file entry-v2.pdb (PDB, C-alpha atoms)
ATOM      1  CA  MET A   1     104.046 124.251 159.243
ATOM      2  CA  ILE A   2     103.332 125.129 155.636
ATOM      3  CA  GLN A   3     100.767 123.052 153.735
ATOM      4  CA  ARG A   4     101.427 122.453 150.051
ATOM      5  CA  ARG A   5      98.622 121.991 147.572
ATOM      6  CA  GLY A   6     100.496 120.847 144.462
ATOM      7  CA  SER A   7     102.711 118.098 143.202
ATOM      8  CA  THR A   8     106.382 118.099 142.593
ATOM      9  CA  LEU A   9     107.944 118.148 139.168
ATOM     10  CA  ILE A  10     109.120 114.539 139.564
ATOM     11  CA  GLU A  11     105.587 113.334 140.351
ATOM     12  CA  LEU A  12     104.266 115.183 137.301
ATOM     13  CA  VAL A  13     106.917 113.678 134.989
ATOM     14  CA  LEU A  14     106.267 110.166 136.343
ATOM     15  CA  SER A  15     102.516 110.461 135.807
ATOM     16  CA  MET A  16     103.093 111.743 132.243
ATOM     17  CA  MET A  17     105.419 108.804 131.524
ATOM     18  CA  ALA A  18     102.846 106.316 132.829
ATOM     19  CA  GLY A  19     100.109 107.947 130.762
ATOM     20  CA  SER A  20     102.302 107.893 127.653
ATOM     21  CA  GLY A  21     103.057 104.195 128.180
ATOM     22  CA  VAL A  22      99.360 103.336 128.484
ATOM     23  CA  MET A  23      98.571 105.418 125.402
ATOM     24  CA  LEU A  24     101.379 103.733 123.396
ATOM     25  CA  LEU A  25     100.077 100.306 124.408
ATOM     26  CA  GLY A  26      96.554 101.263 123.310
ATOM     27  CA  ILE A  27      97.746 102.595 119.950
ATOM     28  CA  SER A  28      99.755  99.442 119.265
ATOM     29  CA  LEU A  29      96.699  97.264 120.051
ATOM     30  CA  VAL A  30      94.540  99.304 117.673
ATOM     31  CA  HIS A  31      97.230  99.016 114.986
ATOM     32  CA  GLN A  32      97.426  95.232 115.412
ATOM     33  CA  ALA A  33      93.626  94.957 115.209
ATOM     34  CA  MET A  34      93.570  96.993 111.979
ATOM     35  CA  MET A  35      96.342  94.862 110.425
ATOM     36  CA  LEU A  36      94.515  91.648 111.359
ATOM     37  CA  SER A  37      91.268  93.006 109.916
ATOM     38  CA  GLU A  38      92.973  93.888 106.622
ATOM     39  CA  LYS A  39      94.627  90.467 106.410
ATOM     40  CA  SER A  40      91.303  88.709 107.071
ATOM     41  CA  SER A  41      89.566  90.840 104.458
ATOM     42  CA  ASN A  42      92.237  90.043 101.842
ATOM     43  CA  ARG A  43      92.007  86.326 102.584
ATOM     44  CA  ALA A  44      88.188  86.412 102.313
ATOM     45  CA  ASP A  45      88.456  88.223  98.951
ATOM     46  CA  ASN A  46      90.937  85.594  97.763
ATOM     47  CA  TYR A  47      88.635  82.717  98.726
ATOM     48  CA  ARG A  48      85.675  84.390  96.999
ATOM     49  CA  THR A  49      87.749  84.730  93.818
ATOM     50  CA  ILE A  50      88.897  81.104  94.020
ATOM     51  CA  ASP A  51      85.307  79.969  94.582
ATOM     52  CA  GLN A  52      84.123  81.900  91.504
ATOM     53  CA  LEU A  53      86.972  80.411  89.437
ATOM     54  CA  ALA A  54      86.013  76.901  90.572
ATOM     55  CA  LEU A  55      82.379  77.519  89.622
ATOM     56  CA  TYR A  56      83.287  78.588  86.056
ATOM     57  CA  PHE A  57      85.838  75.756  85.740
ATOM     58  CA  ARG A  58      83.312  73.081  86.748
ATOM     59  CA  ARG A  59      80.564  74.439  84.520
ATOM     60  CA  ASP A  60      82.805  74.730  81.456
ATOM     61  CA  LEU A  61      84.483  71.359  81.880
ATOM     62  CA  HIS A  62      81.236  69.483  82.506
ATOM     63  CA  ASP A  63      79.940  70.909  79.216
ATOM     64  CA  ALA A  64      83.154  70.184  77.257
ATOM     65  CA  MET A  65      83.095  67.799  74.304
ATOM     66  CA  GLN A  66      86.867  68.038  73.670
ATOM     67  CA  TRP A  67      89.674  69.393  75.827
ATOM     68  CA  SER A  68      93.466  69.635  75.885
ATOM     69  CA  ILE A  69      96.245  71.027  78.042
ATOM     70  CA  ASP A  70      99.283  72.383  76.200
ATOM     71  CA  ALA A  71     102.925  72.583  77.335
ATOM     72  CA  GLN A  72     102.416  76.033  78.922
ATOM     73  CA  GLY A  73      99.576  74.675  81.057
ATOM     74  CA  THR A  74      96.784  76.357  79.081
ATOM     75  CA  LEU A  75      93.500  74.452  79.172
ATOM     76  CA  SER A  76      91.437  74.636  75.970
ATOM     77  CA  MET A  77      88.042  73.039  75.447
ATOM     78  CA  THR A  78      85.212  72.918  72.942
ATOM     79  CA  CYS A  79      81.754  72.997  74.512
ATOM     80  CA  SER A  80      78.442  71.565  73.331
ATOM     81  CA  ASP A  81      77.206  74.984  72.099
ATOM     82  CA  ASP A  82      80.185  75.218  69.665
ATOM     83  CA  SER A  83      81.981  77.743  71.859
ATOM     84  CA  THR A  84      85.647  77.444  72.796
ATOM     85  CA  VAL A  85      86.817  78.169  76.325
ATOM     86  CA  THR A  86      90.456  78.756  77.204
ATOM     87  CA  TYR A  87      92.017  79.072  80.668
ATOM     88  CA  HIS A  88      95.450  80.755  80.836
ATOM     89  CA  SER A  89      97.326  80.516  84.117
ATOM     90  CA  GLN A  90      99.826  83.214  85.076
ATOM     91  CA  GLN A  91     101.488  84.036  88.385
ATOM     92  CA  ASN A  92      98.759  85.479  90.662
ATOM     93  CA  ALA A  93      96.000  85.239  88.018
ATOM     94  CA  VAL A  94      93.907  83.026  85.752
ATOM     95  CA  THR A  95      92.248  84.355  82.596
ATOM     96  CA  ARG A  96      89.138  82.652  81.204
ATOM     97  CA  GLU A  97      88.261  83.415  77.596
ATOM     98  CA  ARG A  98      85.105  82.131  75.921
ATOM     99  CA  LYS A  99      84.610  82.559  72.164
ATOM    100  CA  LYS A 100      81.346  81.820  70.439
ATOM    101  CA  GLY A 101      81.461  82.718  66.786
ATOM    102  CA  PRO A 102      83.906  85.178  65.270
ATOM    103  CA  ASP A 103      82.841  88.283  67.217
ATOM    104  CA  GLU A 104      81.441  87.195  70.559
ATOM    105  CA  ILE A 105      84.140  87.030  73.243
ATOM    106  CA  GLU A 106      83.778  86.904  77.029
ATOM    107  CA  ARG A 107      86.849  87.464  79.162
ATOM    108  CA  GLU A 108      87.196  87.139  82.938
ATOM    109  CA  ARG A 109      90.360  87.622  84.938
ATOM    110  CA  PHE A 110      90.582  86.004  88.352
ATOM    111  CA  VAL A 111      93.261  87.743  90.415
ATOM    112  CA  LEU A 112      94.613  85.391  93.065
ATOM    113  CA  ALA A 113      96.590  86.099  96.212
ATOM    114  CA  GLU A 114     100.185  87.211  95.992
ATOM    115  CA  ASP A 115     102.514  84.320  95.151
ATOM    116  CA  ALA A 116      99.609  82.011  94.213
ATOM    117  CA  LEU A 117      99.643  79.794  91.160
ATOM    118  CA  ALA A 118      96.898  77.825  89.392
ATOM    119  CA  VAL A 119      97.824  74.586  87.611
ATOM    120  CA  PHE A 120      95.645  72.481  85.293
ATOM    121  CA  GLU A 121      96.365  68.750  85.261
ATOM    122  CA  SER A 122      94.975  65.870  83.231
ATOM    123  CA  MET A 123      94.360  62.487  84.861
ATOM    124  CA  ASN A 124      93.468  59.124  83.374
ATOM    125  CA  ASN A 125      91.548  56.164  84.739
ATOM    126  CA  PRO A 126      88.999  57.618  85.318
ATOM    127  CA  VAL A 127      89.356  60.548  82.932
ATOM    128  CA  ARG A 128      89.198  63.880  84.733
ATOM    129  CA  VAL A 129      90.844  67.304  84.774
ATOM    130  CA  SER A 130      91.913  69.083  87.930
ATOM    131  CA  LEU A 131      92.549  72.666  88.911
ATOM    132  CA  VAL A 132      94.984  73.163  91.802
ATOM    133  CA  VAL A 133      95.463  76.632  93.302
ATOM    134  CA  SER A 134      98.423  76.759  95.682
ATOM    135  CA  LYS A 135     100.554  79.359  97.404
ATOM    136  CA  ALA A 136     104.103  79.251  98.746
ATOM    137  CA  THR A 137     104.075  79.489 102.539
ATOM    138  CA  GLU A 138     107.689  79.870 103.639
ATOM    139  CA  THR A 139     110.049  82.637 102.673
ATOM    140  CA  VAL A 140     113.804  82.439 103.048
ATOM    141  CA  GLY A 141     115.297  85.914 103.066
ATOM    142  CA  LYS A 142     113.651  87.795 100.219
ATOM    143  CA  GLU A 143     113.141  84.759  97.991
ATOM    144  CA  THR A 144     110.191  82.393  98.213
ATOM    145  CA  ASP A 145     110.784  78.707  98.853
ATOM    146  CA  HIS A 146     108.291  76.949  96.544
ATOM    147  CA  SER A 147     108.979  73.541  98.073
ATOM    148  CA  GLN A 148     106.672  74.499 100.951
ATOM    149  CA  THR A 149     103.236  75.196  99.470
ATOM    150  CA  ARG A 150      99.738  75.550 100.857
ATOM    151  CA  VAL A 151      96.977  74.238  98.621
ATOM    152  CA  ASP A 152      93.993  76.607  98.683
ATOM    153  CA  LEU A 153      91.803  74.639  96.268
ATOM    154  CA  THR A 154      91.724  71.372  94.358
ATOM    155  CA  VAL A 155      88.858  70.759  91.934
ATOM    156  CA  GLU A 156      88.557  67.552  89.922
ATOM    157  CA  CYS A 157      85.963  67.399  87.138
ATOM    158  CA  VAL A 158      84.851  64.846  84.594
ATOM    159  CA  PRO A 159      84.870  66.375  81.092
ATOM    160  CA  GLY A 160      81.547  66.108  79.296
ATOM    161  CA  ARG A 161      79.606  65.050  82.378
ATOM    162  CA  TRP A 162      76.557  67.079  81.383
ATOM    163  CA  LEU A 163      76.656  65.608  77.890
ATOM    164  CA  VAL A 164      76.488  62.066  79.298
ATOM    165  CA  SER A 165      73.668  63.013  81.702
ATOM    166  CA  GLU A 166      71.790  64.852  78.958
ATOM    167  CA  HIS A 167      72.151  61.882  76.650
ATOM    168  CA  ASN A 168      70.838  59.458  79.286
ATOM    169  CA  SER A 169      68.022  61.515  80.824
ATOM    170  CA  GLY A 170      67.273  64.195  78.257
ATOM    171  CA  VAL A 171      67.705  66.906  80.939
ATOM    172  CA  GLN A 172      70.844  68.841  81.770
ATOM    173  CA  PRO A 173      71.569  68.921  85.536
TER     174      PRO A 173
END
call {"tool": "encode", "arguments": {"input": "entry-v2.pdb", "output": "structure tokens"}}
result
Amino acid sequence: MIQRRGSTLIELVLSMMAGSGVMLLGISLVHQAMMLSEKSSNRADNYRTIDQLALYFRRDLHDAMQWSIDAQGTLSMTCSDDSTVTYHSQQNAVTRERKKGPDEIERERFVLAEDALAVFESMNNPVRVSLVVSKATETVGKETDHSQTRVDLTVECVPGRWLVSEHNSGVQP
């Protein structure tokens, strides 16, 4: 009887197919992990931007002596240091512009997540102004259905709050 020390061609092909399947499964898991990491990073960046926008919005509105919201949704206010601050809302972004005097201008642009929108609203009784950042969540085909929205942030502020506190206590909070 002859003893063989090798494997047949069929055994070799089957082992290569099994190895390829395991390798394909591993590559797809690594790809999914990378996609999830990128999505998480983008969401964290978006929340940091929204948090920074909320911080500026609160500070400016609490220091505002006069404020108005026009038909395009632009919030304009005059602060206690005679500066004017304007918030312009566009699709995916909010621009804050602060003017003090004729030459001194500060401009910040807060880039929001894709398909996000910031809206400024005025409320009475009690008087306050709100900033609502929302994003459409459902897509139908290639168009976005804006009836289904996810609210990322709602900030309500009392205009001139620091002025009232400063007037009563002599110290700005």
call {"tool": "resolve_selection", "arguments": {"input": "entry-v2.pdb", "expression": "the PyMOL selection byres ((chain A and resi 152) around 8)", "output": "PyMOL selection string"}}
result
chain A and resi 132-135+150-151+153-154
call {"tool": "residues_around", "arguments": {"input": "entry-v2.pdb", "residues": "Thr86 (chain A)", "least_positions_apart": "6", "cutoff": "7 Å", "atoms": "all atoms listed in the file", "output": "mmCIF file with C-alpha atoms, keeping the file's coordinate frame"}}
result
data_model
loop_
_atom_site.group_PDB
_atom_site.id
_atom_site.type_symbol
_atom_site.label_atom_id
_atom_site.label_comp_id
_atom_site.auth_asym_id
_atom_site.auth_seq_id
_atom_site.Cartn_x
_atom_site.Cartn_y
_atom_site.Cartn_z
ATOM 1 C CA LEU A 75 93.500 74.452 79.172
ATOM 2 C CA SER A 76 91.437 74.636 75.970
ATOM 3 C CA MET A 77 88.042 73.039 75.447
ATOM 4 C CA ARG A 96 89.138 82.652 81.204
ATOM 5 C CA GLU A 97 88.261 83.415 77.596
ATOM 6 C CA ARG A 98 85.105 82.131 75.921
#
call {"tool": "closest_residue", "arguments": {"input": "entry-v2.pdb", "among": "A:Met35, A:Val111, A:Ala118, A:Ala71", "to": "Tyr87 (chain A)", "atoms": "all atoms listed in the file"}}
result
A:Ala118
call {"tool": "atom_distance", "arguments": {"input": "entry-v2.pdb", "atom1": "CA of Leu55 (chain A)", "atom2": "CA of Ser130 (chain A)"}}
result
12.8 Å
call {"tool": "closest_residue", "arguments": {"input": "entry-v2.pdb", "among": "A:Ala113, A:Leu14, A:Val119, A:Ile2", "to": "Tyr47 (chain A)", "atoms": "only C-alpha atoms"}}
result
A:Ala113
call {"tool": "resolve_selection", "arguments": {"input": "entry-v2.pdb", "expression": "the PyMOL selection byres ((chain A and resi 56) around 12)", "output": "ChimeraX atom specification"}}
result
/A:49-55,57-63,85-87,94-98,107-110,131,155,157
call {"tool": "closest_residue", "arguments": {"input": "entry-v2.pdb", "among": "A:Ser28, A:Asp103, A:Ser83, A:Leu36", "to": "Gln66 (chain A)", "atoms": "all atoms listed in the file"}}
result
A:Ser83
call {"tool": "atom_distance", "arguments": {"input": "entry-v2.pdb", "atom1": "CA of Asp81 (chain A)", "atom2": "CA of Ala93 (chain A)"}}
result
26.7 Å
call {"tool": "atom_distance", "arguments": {"input": "entry-v2.pdb", "atom1": "CA of Thr84 (chain A)", "atom2": "CA of Arg48 (chain A)"}}
result
25.2 Å
